[in-house]
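In what follows, a single structure is set out as structure tokens and then discussed.
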4 protein chains.
Amino acid sequence: MYQFETSVRLHDTDSAGLLFFANQFKMAHDCYESFLSDNGLSFLTIIVERDYLLPIVHAEADYAEALEVGQELVVELSAGRIGNSSFTLNYRFTSDDDEVGSVSTVHVCVDAETGEKRDLPDELVEILEEL
Amino acid sequence: MYQFETSVRLHDTDSAGLLFFANQFKMAHDCYESFLSDNGLSFLTIIVERDYLLPIVHAEADYAEALEVGQELVVELSAGRIGNSSFTLNYRFTSDDDEVGSVSTVHVCVDAETGEKRDLPDELVEILEEL
Amino acid sequence: MYQFETSVRLHDTDSAGLLFFANQFKMAHDCYESFLSDNGLSFLTIIVERDYLLPIVHAEADYAEALEVGQELVVELSAGRIGNSSFTLNYRFTSDDDEVGSVSTVHVCVDAETGEKRDLPDELVEILEEL
Amino acid sequence: MYQFETSVRLHDTDSAGLLFFANQFKMAHDCYESFLSDNGLSFLTIIVERDYLLPIVHAEADYAEALEVGQELVVELSAGRIGNSSFTLNYRFTSDDDEVGSVSTVHVCVDAETGEKRDLPDELVEILEEL
């Protein structure tokens, strides 16, 4: 499990006064980037140096509580199913220890040139298995 | 069914060269706002004049094709289940008649002051039932 | 002069109830992309096929009126100074014929590989001079 | 002077491979929110409890270096002119001690109900004068 701290910024909210729903996905991805980077595998490295990409093929979110500007959040990232060429990440959002929402993303590994599905690289599987 | 035309803007993409996944949810919501407005019920009216709000409690998306900057999209909006106090909207994204992705959002109707669940207002049910 | 129609989307606003200031820059860039595309030079072409990029080195905006969700806007794009290796674009935002804001961006032409400043390509100068 | 640490997230970049220019303004505003909050004046308090708002009437930015996903940034916030009803904030962005960009924003104080210009509240002037 990986923990990431963030907060709701003004530009994450909308004129209904609360978090705009799509921005919960952005915060989940911020957590994912931070997790990879803390484990020595930055997004820049993947994009520039590696021959694979990890596009998201499915994403979903639940919203249990309305979130306001300035609210401090903890995102807990854990791994779901890790397959040969795909993996699932689960994000649990809490504020003051209350669960306020969740996100789940399914990633597939593809060749960066051809876009063809391929096996997950070892360097990634190692990181995911320790989640 | 309601049709909405949009395109992938540069700020919708990321440095992996393709649409950032959370922005497909933004485009779906653009379509929803346009649909409501075309049916005489603008978001500003709901936020400022009405006593209800329609927060999203669940959202999910599938991504069938990678989308590039400038790509023209058609979003087809249809209604899923319409309950007493909640409803589901389904969005199908196509580009050159190929399905490239989909989004689904579940909205619940709440009292704007108390946040308590309440019945969908008639003005909204009428619009949704014609979708 | 090039005209572009847009509107303020919910995700462009924030919980103060109005357009989040940075999103006026996004709308200006939407207009710029549309202008280039309408003149046969898409962003995708520039990024994928050309050997130059046009990064923004300076941007500024004025905000004359607070803008609300759903508000319809017309953006008028005109060219400012066109130099050897840089150019300025001016955007005037109106709503119901009232000026509500403006944006100005300064772009410099650089080699896509080295990042070194270079002359504007003819294909771009031709388009800019007709603005 | 107030220091704020942030980093370039994937959704801050675009398919040209670098920070999308408008997102430098977002990062500046993140710093501003953090500064106010650290000084006991949260945005939520201003929006919900106070009778004033602080809309931005002018914003500008310079971009000295192209910024990539994952790049760590320090934002240094200092106050410019503090007038009776307006104030200017200056943001200097550095990465590894190199200046990579700057932002400046001019805010005017208005009555939250009428939108009329009014004097800056003492609680804000005190915070700004210590910057």
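We label chains A, B, ... in the order they appear in the structure tokens, count residues from 1 in each chain, and number ligands from 1 in the order shown.
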Please run DSSP on the backbone and report, as a compact mmCIF listing (two decimals) with all heavy atoms, in the first residue's frame, all residues within stretch 1-118 of chain B that come out as strand (DSSP E or B).
```
# COMPACT_ATOMS: atom_id res chain seq x y z
N TYR B 2 -29.04 12.26 -27.77
CA TYR B 2 -28.58 13.62 -28.01
C TYR B 2 -27.16 13.55 -28.55
O TYR B 2 -26.33 12.80 -28.02
CB TYR B 2 -28.61 14.40 -26.70
CG TYR B 2 -28.09 15.81 -26.78
CD1 TYR B 2 -28.88 16.85 -27.27
CD2 TYR B 2 -26.80 16.11 -26.35
CE1 TYR B 2 -28.39 18.15 -27.34
CE2 TYR B 2 -26.32 17.40 -26.42
CZ TYR B 2 -27.11 18.41 -26.91
OH TYR B 2 -26.63 19.71 -26.98
N GLN B 3 -26.89 14.33 -29.58
CA GLN B 3 -25.55 14.32 -30.17
C GLN B 3 -24.82 15.61 -29.87
O GLN B 3 -25.38 16.71 -29.97
CB GLN B 3 -25.66 14.14 -31.68
CG GLN B 3 -25.80 12.69 -32.10
CD GLN B 3 -25.35 12.47 -33.51
OE1 GLN B 3 -25.46 13.36 -34.36
NE2 GLN B 3 -24.85 11.29 -33.80
N PHE B 4 -23.55 15.48 -29.61
CA PHE B 4 -22.70 16.61 -29.25
C PHE B 4 -21.37 16.44 -29.98
O PHE B 4 -20.77 15.38 -29.95
CB PHE B 4 -22.49 16.61 -27.74
CG PHE B 4 -21.57 17.66 -27.21
CD1 PHE B 4 -21.98 18.99 -27.12
CD2 PHE B 4 -20.29 17.33 -26.77
CE1 PHE B 4 -21.13 19.97 -26.61
CE2 PHE B 4 -19.44 18.31 -26.26
CZ PHE B 4 -19.86 19.62 -26.17
N GLU B 5 -20.93 17.52 -30.64
CA GLU B 5 -19.65 17.45 -31.35
C GLU B 5 -18.58 18.18 -30.56
O GLU B 5 -18.80 19.28 -30.05
CB GLU B 5 -19.79 18.07 -32.74
CG GLU B 5 -20.74 17.27 -33.62
CD GLU B 5 -20.87 17.84 -35.02
OE1 GLU B 5 -20.04 18.71 -35.39
OE2 GLU B 5 -21.80 17.43 -35.72
N THR B 6 -17.42 17.57 -30.50
CA THR B 6 -16.31 18.22 -29.81
C THR B 6 -15.02 17.76 -30.47
O THR B 6 -15.04 17.03 -31.47
CB THR B 6 -16.33 17.88 -28.30
OG1 THR B 6 -15.36 18.67 -27.62
CG2 THR B 6 -16.07 16.41 -28.03
N SER B 7 -13.90 18.22 -29.96
CA SER B 7 -12.63 17.75 -30.49
C SER B 7 -11.61 17.74 -29.36
O SER B 7 -11.80 18.38 -28.33
CB SER B 7 -12.15 18.62 -31.65
OG SER B 7 -11.91 19.93 -31.20
N THR B 13 -4.62 16.62 -23.93
CA THR B 13 -3.61 15.58 -24.12
C THR B 13 -2.52 15.71 -23.06
O THR B 13 -2.49 16.68 -22.30
CB THR B 13 -2.96 15.69 -25.51
OG1 THR B 13 -2.25 16.93 -25.61
CG2 THR B 13 -4.01 15.63 -26.61
N LEU B 19 -4.85 11.64 -25.48
CA LEU B 19 -5.82 12.17 -24.51
C LEU B 19 -5.50 11.67 -23.11
O LEU B 19 -5.33 10.46 -22.89
CB LEU B 19 -7.23 11.67 -24.90
CG LEU B 19 -8.36 12.11 -23.96
CD1 LEU B 19 -8.69 13.57 -24.18
CD2 LEU B 19 -9.60 11.26 -24.16
N TYR B 52 -32.24 22.13 -5.71
CA TYR B 52 -31.64 20.80 -5.79
C TYR B 52 -30.30 20.87 -6.52
O TYR B 52 -30.02 21.81 -7.24
CB TYR B 52 -32.57 19.81 -6.50
CG TYR B 52 -32.84 20.14 -7.97
CD1 TYR B 52 -32.02 19.64 -8.98
CD2 TYR B 52 -33.92 20.94 -8.34
CE1 TYR B 52 -32.25 19.93 -10.31
CE2 TYR B 52 -34.16 21.24 -9.67
CZ TYR B 52 -33.32 20.73 -10.66
OH TYR B 52 -33.56 21.03 -11.97
N LEU B 53 -29.51 19.85 -6.29
CA LEU B 53 -28.28 19.64 -7.06
C LEU B 53 -28.24 18.19 -7.50
O LEU B 53 -28.99 17.35 -6.98
CB LEU B 53 -27.03 19.97 -6.22
CG LEU B 53 -26.77 21.45 -5.97
CD1 LEU B 53 -25.62 21.63 -4.99
CD2 LEU B 53 -26.42 22.16 -7.29
N ILE B 56 -22.67 13.68 -8.96
CA ILE B 56 -22.34 12.37 -9.52
C ILE B 56 -21.82 11.49 -8.39
O ILE B 56 -20.93 11.88 -7.64
CB ILE B 56 -21.28 12.54 -10.64
CG1 ILE B 56 -21.93 13.23 -11.84
CG2 ILE B 56 -20.66 11.20 -11.02
CD1 ILE B 56 -20.96 13.67 -12.91
N VAL B 57 -22.39 10.30 -8.25
CA VAL B 57 -21.96 9.37 -7.20
C VAL B 57 -21.14 8.20 -7.76
O VAL B 57 -20.49 7.48 -7.01
CB VAL B 57 -23.15 8.84 -6.38
CG1 VAL B 57 -23.78 9.97 -5.57
CG2 VAL B 57 -24.20 8.18 -7.28
N HIS B 58 -21.21 8.02 -9.07
CA HIS B 58 -20.40 6.98 -9.71
C HIS B 58 -20.14 7.40 -11.15
O HIS B 58 -21.01 7.97 -11.81
CB HIS B 58 -21.13 5.62 -9.69
CG HIS B 58 -20.35 4.54 -10.35
ND1 HIS B 58 -19.29 3.90 -9.73
CD2 HIS B 58 -20.44 3.98 -11.59
CE1 HIS B 58 -18.78 3.01 -10.56
NE2 HIS B 58 -19.47 3.03 -11.69
N ALA B 59 -18.94 7.12 -11.61
CA ALA B 59 -18.58 7.41 -13.00
C ALA B 59 -17.65 6.33 -13.49
O ALA B 59 -16.80 5.84 -12.73
CB ALA B 59 -17.89 8.77 -13.11
N GLU B 60 -17.81 5.95 -14.75
CA GLU B 60 -16.84 5.02 -15.31
C GLU B 60 -16.66 5.26 -16.80
O GLU B 60 -17.53 5.87 -17.45
CB GLU B 60 -17.20 3.57 -15.02
CG GLU B 60 -18.53 3.09 -15.49
CD GLU B 60 -18.74 1.63 -15.04
OE1 GLU B 60 -18.24 0.72 -15.73
OE2 GLU B 60 -19.38 1.43 -14.00
N ALA B 61 -15.52 4.83 -17.30
CA ALA B 61 -15.20 5.06 -18.71
C ALA B 61 -14.42 3.89 -19.26
O ALA B 61 -13.65 3.24 -18.54
CB ALA B 61 -14.36 6.33 -18.87
N ASP B 62 -14.65 3.61 -20.54
CA ASP B 62 -13.80 2.69 -21.28
C ASP B 62 -13.12 3.45 -22.40
O ASP B 62 -13.68 4.42 -22.94
CB ASP B 62 -14.64 1.52 -21.84
CG ASP B 62 -15.06 0.55 -20.75
OD1 ASP B 62 -14.17 -0.11 -20.20
OD2 ASP B 62 -16.26 0.50 -20.45
N TYR B 63 -11.92 2.99 -22.72
CA TYR B 63 -11.10 3.66 -23.73
C TYR B 63 -10.73 2.62 -24.78
O TYR B 63 -9.94 1.71 -24.50
CB TYR B 63 -9.84 4.24 -23.08
CG TYR B 63 -10.17 5.15 -21.90
CD1 TYR B 63 -10.36 4.64 -20.62
CD2 TYR B 63 -10.32 6.52 -22.09
CE1 TYR B 63 -10.69 5.46 -19.55
CE2 TYR B 63 -10.66 7.36 -21.02
CZ TYR B 63 -10.84 6.81 -19.76
OH TYR B 63 -11.18 7.62 -18.71
N GLU B 72 -11.58 14.89 -34.15
CA GLU B 72 -12.99 15.29 -34.02
C GLU B 72 -13.79 14.12 -33.48
O GLU B 72 -13.66 12.99 -33.95
CB GLU B 72 -13.56 15.70 -35.37
CG GLU B 72 -12.69 16.66 -36.15
CD GLU B 72 -13.26 18.06 -36.19
OE1 GLU B 72 -14.48 18.21 -35.99
OE2 GLU B 72 -12.47 19.00 -36.42
N LEU B 73 -14.65 14.42 -32.51
CA LEU B 73 -15.43 13.39 -31.85
C LEU B 73 -16.91 13.73 -31.87
O LEU B 73 -17.29 14.91 -31.81
CB LEU B 73 -14.99 13.27 -30.38
CG LEU B 73 -13.51 12.96 -30.13
CD1 LEU B 73 -13.24 13.01 -28.63
CD2 LEU B 73 -13.15 11.59 -30.69
N VAL B 74 -17.72 12.71 -31.92
CA VAL B 74 -19.16 12.85 -31.70
C VAL B 74 -19.49 12.09 -30.42
O VAL B 74 -19.08 10.95 -30.25
CB VAL B 74 -19.98 12.30 -32.88
CG1 VAL B 74 -21.47 12.35 -32.56
CG2 VAL B 74 -19.68 13.07 -34.15
N VAL B 75 -20.19 12.76 -29.52
CA VAL B 75 -20.63 12.12 -28.28
C VAL B 75 -22.14 11.92 -28.36
O VAL B 75 -22.88 12.87 -28.62
CB VAL B 75 -20.29 12.99 -27.05
CG1 VAL B 75 -20.59 12.21 -25.76
CG2 VAL B 75 -18.84 13.44 -27.07
N GLU B 76 -22.57 10.67 -28.21
CA GLU B 76 -24.00 10.36 -28.21
C GLU B 76 -24.45 10.07 -26.79
O GLU B 76 -23.95 9.13 -26.16
CB GLU B 76 -24.28 9.14 -29.10
CG GLU B 76 -23.98 9.39 -30.57
CD GLU B 76 -24.05 8.11 -31.39
OE1 GLU B 76 -24.28 7.04 -30.80
OE2 GLU B 76 -23.86 8.20 -32.62
N LEU B 77 -25.37 10.87 -26.32
CA LEU B 77 -25.85 10.74 -24.94
C LEU B 77 -27.22 10.06 -24.93
O LEU B 77 -28.13 10.46 -25.66
CB LEU B 77 -25.97 12.14 -24.32
CG LEU B 77 -26.68 12.26 -22.97
CD1 LEU B 77 -25.96 11.46 -21.89
CD2 LEU B 77 -26.78 13.73 -22.56
N SER B 78 -27.33 9.03 -24.10
CA SER B 78 -28.64 8.40 -23.91
C SER B 78 -28.86 8.16 -22.42
O SER B 78 -27.91 8.14 -21.63
CB SER B 78 -28.73 7.08 -24.69
OG SER B 78 -27.69 6.22 -24.29
N ALA B 79 -30.12 8.02 -22.05
CA ALA B 79 -30.45 7.81 -20.64
C ALA B 79 -30.42 6.33 -20.32
O ALA B 79 -30.88 5.50 -21.11
CB ALA B 79 -31.81 8.39 -20.33
N GLY B 80 -29.85 6.00 -19.17
CA GLY B 80 -29.96 4.65 -18.63
C GLY B 80 -31.16 4.63 -17.69
O GLY B 80 -32.19 5.24 -17.96
N ARG B 81 -31.01 4.00 -16.56
CA ARG B 81 -32.09 3.89 -15.59
C ARG B 81 -32.46 5.27 -15.02
O ARG B 81 -31.60 6.05 -14.64
CB ARG B 81 -31.63 2.96 -14.45
CG ARG B 81 -32.67 2.77 -13.37
CD ARG B 81 -32.20 1.80 -12.30
NE ARG B 81 -33.19 1.75 -11.23
CZ ARG B 81 -33.27 2.66 -10.26
NH1 ARG B 81 -32.43 3.67 -10.22
NH2 ARG B 81 -34.22 2.57 -9.33
N ILE B 82 -33.75 5.55 -14.98
CA ILE B 82 -34.24 6.77 -14.34
C ILE B 82 -35.05 6.34 -13.12
O ILE B 82 -36.15 5.78 -13.26
CB ILE B 82 -35.12 7.61 -15.29
CG1 ILE B 82 -34.34 7.94 -16.57
CG2 ILE B 82 -35.56 8.91 -14.60
CD1 ILE B 82 -35.16 8.66 -17.63
N SER B 86 -32.54 9.17 -8.59
CA SER B 86 -31.25 9.08 -9.28
C SER B 86 -31.46 8.71 -10.74
O SER B 86 -32.54 8.25 -11.13
CB SER B 86 -30.34 8.04 -8.60
OG SER B 86 -30.88 6.75 -8.78
N PHE B 87 -30.44 8.92 -11.54
CA PHE B 87 -30.52 8.53 -12.95
C PHE B 87 -29.11 8.26 -13.47
O PHE B 87 -28.11 8.73 -12.91
CB PHE B 87 -31.20 9.62 -13.80
CG PHE B 87 -30.51 10.96 -13.76
CD1 PHE B 87 -29.64 11.36 -14.79
CD2 PHE B 87 -30.74 11.84 -12.72
CE1 PHE B 87 -29.02 12.61 -14.75
CE2 PHE B 87 -30.11 13.09 -12.67
CZ PHE B 87 -29.26 13.47 -13.69
N THR B 88 -29.06 7.49 -14.56
CA THR B 88 -27.79 7.13 -15.18
C THR B 88 -27.75 7.68 -16.60
O THR B 88 -28.75 7.61 -17.33
CB THR B 88 -27.64 5.59 -15.23
OG1 THR B 88 -27.65 5.10 -13.89
CG2 THR B 88 -26.34 5.19 -15.90
N LEU B 89 -26.61 8.24 -16.97
CA LEU B 89 -26.41 8.74 -18.33
C LEU B 89 -25.29 7.94 -19.00
O LEU B 89 -24.26 7.66 -18.37
CB LEU B 89 -26.05 10.22 -18.31
CG LEU B 89 -27.12 11.16 -17.76
CD1 LEU B 89 -26.60 12.59 -17.70
CD2 LEU B 89 -28.39 11.10 -18.61
N ASN B 90 -25.51 7.58 -20.24
CA ASN B 90 -24.51 6.83 -21.00
C ASN B 90 -24.03 7.65 -22.19
O ASN B 90 -24.85 8.19 -22.94
CB ASN B 90 -25.11 5.51 -21.48
CG ASN B 90 -25.54 4.64 -20.33
OD1 ASN B 90 -24.80 4.46 -19.37
ND2 ASN B 90 -26.76 4.11 -20.40
N TYR B 91 -22.73 7.72 -22.36
CA TYR B 91 -22.13 8.50 -23.43
C TYR B 91 -21.30 7.56 -24.30
O TYR B 91 -20.46 6.81 -23.78
CB TYR B 91 -21.18 9.56 -22.87
CG TYR B 91 -21.78 10.48 -21.85
CD1 TYR B 91 -21.91 10.08 -20.52
CD2 TYR B 91 -22.21 11.75 -22.19
CE1 TYR B 91 -22.46 10.93 -19.57
CE2 TYR B 91 -22.76 12.60 -21.24
CZ TYR B 91 -22.87 12.19 -19.94
OH TYR B 91 -23.41 13.02 -18.99
N ARG B 92 -21.53 7.63 -25.59
CA ARG B 92 -20.76 6.83 -26.55
C ARG B 92 -19.96 7.79 -27.41
O ARG B 92 -20.52 8.70 -28.03
CB ARG B 92 -21.74 6.02 -27.41
CG ARG B 92 -21.11 5.09 -28.41
CD ARG B 92 -22.19 4.20 -29.06
NE ARG B 92 -21.61 3.41 -30.14
CZ ARG B 92 -21.63 3.79 -31.44
NH1 ARG B 92 -22.23 4.91 -31.82
NH2 ARG B 92 -21.05 3.02 -32.35
N PHE B 93 -18.66 7.61 -27.45
CA PHE B 93 -17.77 8.50 -28.21
C PHE B 93 -17.41 7.82 -29.53
O PHE B 93 -16.95 6.67 -29.53
CB PHE B 93 -16.47 8.75 -27.44
CG PHE B 93 -16.63 9.66 -26.25
CD1 PHE B 93 -17.32 9.25 -25.12
CD2 PHE B 93 -16.07 10.92 -26.24
CE1 PHE B 93 -17.46 10.08 -24.01
CE2 PHE B 93 -16.20 11.76 -25.15
CZ PHE B 93 -16.90 11.34 -24.02
N THR B 94 -17.61 8.54 -30.62
CA THR B 94 -17.18 8.01 -31.91
C THR B 94 -16.31 9.02 -32.64
O THR B 94 -16.41 10.23 -32.43
CB THR B 94 -18.37 7.65 -32.83
OG1 THR B 94 -19.15 8.84 -33.05
CG2 THR B 94 -19.26 6.58 -32.20
N SER B 95 -15.46 8.50 -33.50
CA SER B 95 -14.62 9.32 -34.37
C SER B 95 -14.67 8.67 -35.74
O SER B 95 -14.32 7.48 -35.86
CB SER B 95 -13.19 9.36 -33.82
OG SER B 95 -12.37 10.13 -34.66
N ASP B 98 -16.31 5.27 -35.87
CA ASP B 98 -15.77 4.20 -35.04
C ASP B 98 -15.98 4.55 -33.57
O ASP B 98 -15.71 5.68 -33.16
CB ASP B 98 -14.26 4.03 -35.27
CG ASP B 98 -13.97 3.35 -36.58
OD1 ASP B 98 -14.82 2.56 -37.03
OD2 ASP B 98 -12.90 3.63 -37.15
N GLU B 99 -16.42 3.56 -32.79
CA GLU B 99 -16.52 3.81 -31.37
C GLU B 99 -15.12 3.86 -30.78
O GLU B 99 -14.33 2.93 -30.95
CB GLU B 99 -17.34 2.71 -30.67
CG GLU B 99 -17.45 2.98 -29.19
CD GLU B 99 -18.58 2.21 -28.52
OE1 GLU B 99 -19.55 1.84 -29.21
OE2 GLU B 99 -18.49 2.00 -27.29
N VAL B 100 -14.81 4.95 -30.08
CA VAL B 100 -13.46 5.11 -29.52
C VAL B 100 -13.48 5.10 -28.00
O VAL B 100 -12.42 5.04 -27.36
CB VAL B 100 -12.80 6.41 -30.02
CG1 VAL B 100 -12.54 6.33 -31.53
CG2 VAL B 100 -13.66 7.63 -29.69
N GLY B 101 -14.65 5.16 -27.41
CA GLY B 101 -14.71 5.16 -25.95
C GLY B 101 -16.13 5.35 -25.46
O GLY B 101 -17.04 5.63 -26.24
N SER B 102 -16.30 5.20 -24.15
CA SER B 102 -17.62 5.42 -23.56
C SER B 102 -17.46 5.91 -22.13
O SER B 102 -16.42 5.72 -21.50
CB SER B 102 -18.44 4.13 -23.59
OG SER B 102 -17.80 3.15 -22.79
N VAL B 103 -18.50 6.57 -21.66
CA VAL B 103 -18.55 7.07 -20.29
C VAL B 103 -19.95 6.79 -19.76
O VAL B 103 -20.93 6.81 -20.51
CB VAL B 103 -18.25 8.59 -20.22
CG1 VAL B 103 -18.65 9.18 -18.87
CG2 VAL B 103 -16.78 8.86 -20.48
N SER B 104 -20.03 6.53 -18.46
CA SER B 104 -21.32 6.38 -17.81
C SER B 104 -21.25 7.12 -16.48
O SER B 104 -20.25 7.04 -15.77
CB SER B 104 -21.59 4.89 -17.59
OG SER B 104 -22.81 4.70 -16.92
N THR B 105 -22.31 7.89 -16.17
CA THR B 105 -22.33 8.62 -14.90
C THR B 105 -23.67 8.38 -14.20
O THR B 105 -24.72 8.34 -14.84
CB THR B 105 -22.16 10.14 -15.12
OG1 THR B 105 -23.12 10.61 -16.08
CG2 THR B 105 -20.76 10.50 -15.59
N VAL B 106 -23.60 8.21 -12.89
CA VAL B 106 -24.81 8.05 -12.07
C VAL B 106 -24.95 9.29 -11.20
O VAL B 106 -24.02 9.67 -10.48
CB VAL B 106 -24.72 6.79 -11.17
CG1 VAL B 106 -26.00 6.64 -10.36
CG2 VAL B 106 -24.44 5.56 -12.01
N HIS B 107 -26.11 9.93 -11.33
CA HIS B 107 -26.38 11.17 -10.61
C HIS B 107 -27.47 10.92 -9.57
O HIS B 107 -28.43 10.21 -9.83
CB HIS B 107 -26.89 12.26 -11.57
CG HIS B 107 -25.96 12.55 -12.69
ND1 HIS B 107 -25.31 13.76 -12.82
CD2 HIS B 107 -25.55 11.80 -13.74
CE1 HIS B 107 -24.55 13.72 -13.91
NE2 HIS B 107 -24.68 12.56 -14.48
N VAL B 108 -27.33 11.55 -8.42
CA VAL B 108 -28.38 11.47 -7.42
C VAL B 108 -28.88 12.90 -7.15
O VAL B 108 -28.11 13.86 -7.22
CB VAL B 108 -27.85 10.80 -6.12
CG1 VAL B 108 -26.77 11.62 -5.47
CG2 VAL B 108 -28.99 10.53 -5.15
N VAL B 110 -30.12 15.74 -4.77
CA VAL B 110 -30.08 16.10 -3.34
C VAL B 110 -30.61 17.51 -3.14
O VAL B 110 -30.58 18.34 -4.06
CB VAL B 110 -28.65 16.00 -2.76
CG1 VAL B 110 -28.10 14.59 -2.87
CG2 VAL B 110 -27.73 17.01 -3.43
N ASP B 111 -31.11 17.76 -1.95
CA ASP B 111 -31.50 19.10 -1.56
C ASP B 111 -30.25 19.98 -1.50
O ASP B 111 -29.25 19.60 -0.89
CB ASP B 111 -32.19 19.05 -0.19
CG ASP B 111 -32.71 20.40 0.24
OD1 ASP B 111 -31.90 21.24 0.68
OD2 ASP B 111 -33.92 20.62 0.12
N LYS B 117 -30.98 13.29 0.16
CA LYS B 117 -31.52 12.74 -1.08
C LYS B 117 -33.00 13.16 -1.22
O LYS B 117 -33.73 13.21 -0.23
CB LYS B 117 -31.44 11.21 -1.03
CG LYS B 117 -31.60 10.56 -2.38
CD LYS B 117 -31.67 9.04 -2.26
CE LYS B 117 -30.32 8.43 -1.93
NZ LYS B 117 -30.34 6.94 -2.08
```
- Dump as JSON, numbers by chain the residues of chain B that approach chain D to within 8 Å, counting only C-alpha atoms. {"B": [10, 11, 12, 13, 14, 15, 16, 17, 18, 20, 69]}
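Using only C-alpha atoms, the protein and nucleic acid residues lying no more than 12 Å from B:Glu123, apart from those fewer than 2 places from it along its own chain, are Leu36, Asn39, Gly40, Leu41, Ser42, Ile46, Arg50, Tyr52, Asp119, Leu120, Pro121, Val125, Glu126, Ile127, Leu128, Glu129 and Glu130 of chain B.
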Just-selected residues, N, CA and C atoms written as a CSV table (one decimal), in the first residue's frame:
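Output saved as out-v5.csv:
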```
chain,number,residue,atom,x,y,z
B,36,LEU,N,-28.6,19.7,-21.4
B,36,LEU,CA,-29.5,20.4,-20.5
B,36,LEU,C,-29.9,21.8,-21.0
B,39,ASN,N,-32.2,22.0,-23.7
B,39,ASN,CA,-33.6,21.7,-23.3
B,39,ASN,C,-34.1,22.7,-22.2
B,40,GLY,N,-33.5,23.8,-22.2
B,40,GLY,CA,-34.0,24.9,-21.4
B,40,GLY,C,-33.7,24.9,-19.9
B,41,LEU,N,-32.8,24.0,-19.5
B,41,LEU,CA,-32.4,23.9,-18.1
B,41,LEU,C,-30.9,24.1,-18.0
B,42,SER,N,-30.4,25.3,-17.9
B,42,SER,CA,-29.0,25.5,-17.8
B,42,SER,C,-28.4,25.2,-16.4
B,46,ILE,N,-29.8,25.8,-12.4
B,46,ILE,CA,-29.9,24.8,-11.4
B,46,ILE,C,-29.1,25.3,-10.2
B,50,ARG,N,-32.4,26.9,-8.4
B,50,ARG,CA,-33.2,25.7,-7.9
B,50,ARG,C,-32.7,25.3,-6.5
B,52,TYR,N,-32.2,22.1,-5.7
B,52,TYR,CA,-31.6,20.8,-5.8
B,52,TYR,C,-30.3,20.9,-6.5
B,119,ASP,N,-36.5,13.4,-4.3
B,119,ASP,CA,-37.0,13.0,-5.7
B,119,ASP,C,-36.5,13.9,-6.8
B,120,LEU,N,-36.3,13.3,-7.9
B,120,LEU,CA,-36.0,14.1,-9.1
B,120,LEU,C,-37.1,15.1,-9.4
B,121,PRO,N,-36.8,16.3,-9.7
B,121,PRO,CA,-37.8,17.3,-10.1
B,121,PRO,C,-38.4,16.9,-11.4
B,125,VAL,N,-37.1,15.2,-15.1
B,125,VAL,CA,-37.6,13.8,-15.5
B,125,VAL,C,-38.1,13.9,-17.0
B,126,GLU,N,-38.9,15.0,-17.2
B,126,GLU,CA,-39.4,15.2,-18.6
B,126,GLU,C,-38.3,15.3,-19.6
B,127,ILE,N,-37.2,16.0,-19.3
B,127,ILE,CA,-36.1,16.1,-20.3
B,127,ILE,C,-35.5,14.7,-20.5
B,128,LEU,N,-35.2,14.0,-19.3
B,128,LEU,CA,-34.5,12.7,-19.4
B,128,LEU,C,-35.3,11.7,-20.1
B,129,GLU,N,-36.7,11.7,-20.0
B,129,GLU,CA,-37.5,10.7,-20.6
B,129,GLU,C,-37.6,10.9,-22.1
B,130,GLU,N,-37.2,12.0,-22.6
B,130,GLU,CA,-37.2,12.2,-24.1
B,130,GLU,C,-35.8,11.9,-24.7
```
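Atom CA of C:Phe25 is found 14.4 Å from atom CA of C:Ala64.
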- Message: So that I can check the secondary structure, give me every residue of stretch 28-104 of chain D assigned helix (DSSP H, G or I) by backbone DSSP, as a PyMOL selection string.
- Response: chain D and resi 28-38+43-49
- The distance between atom CA of A:Gly70 and atom CA of D:Asp97 is 28.4 Å
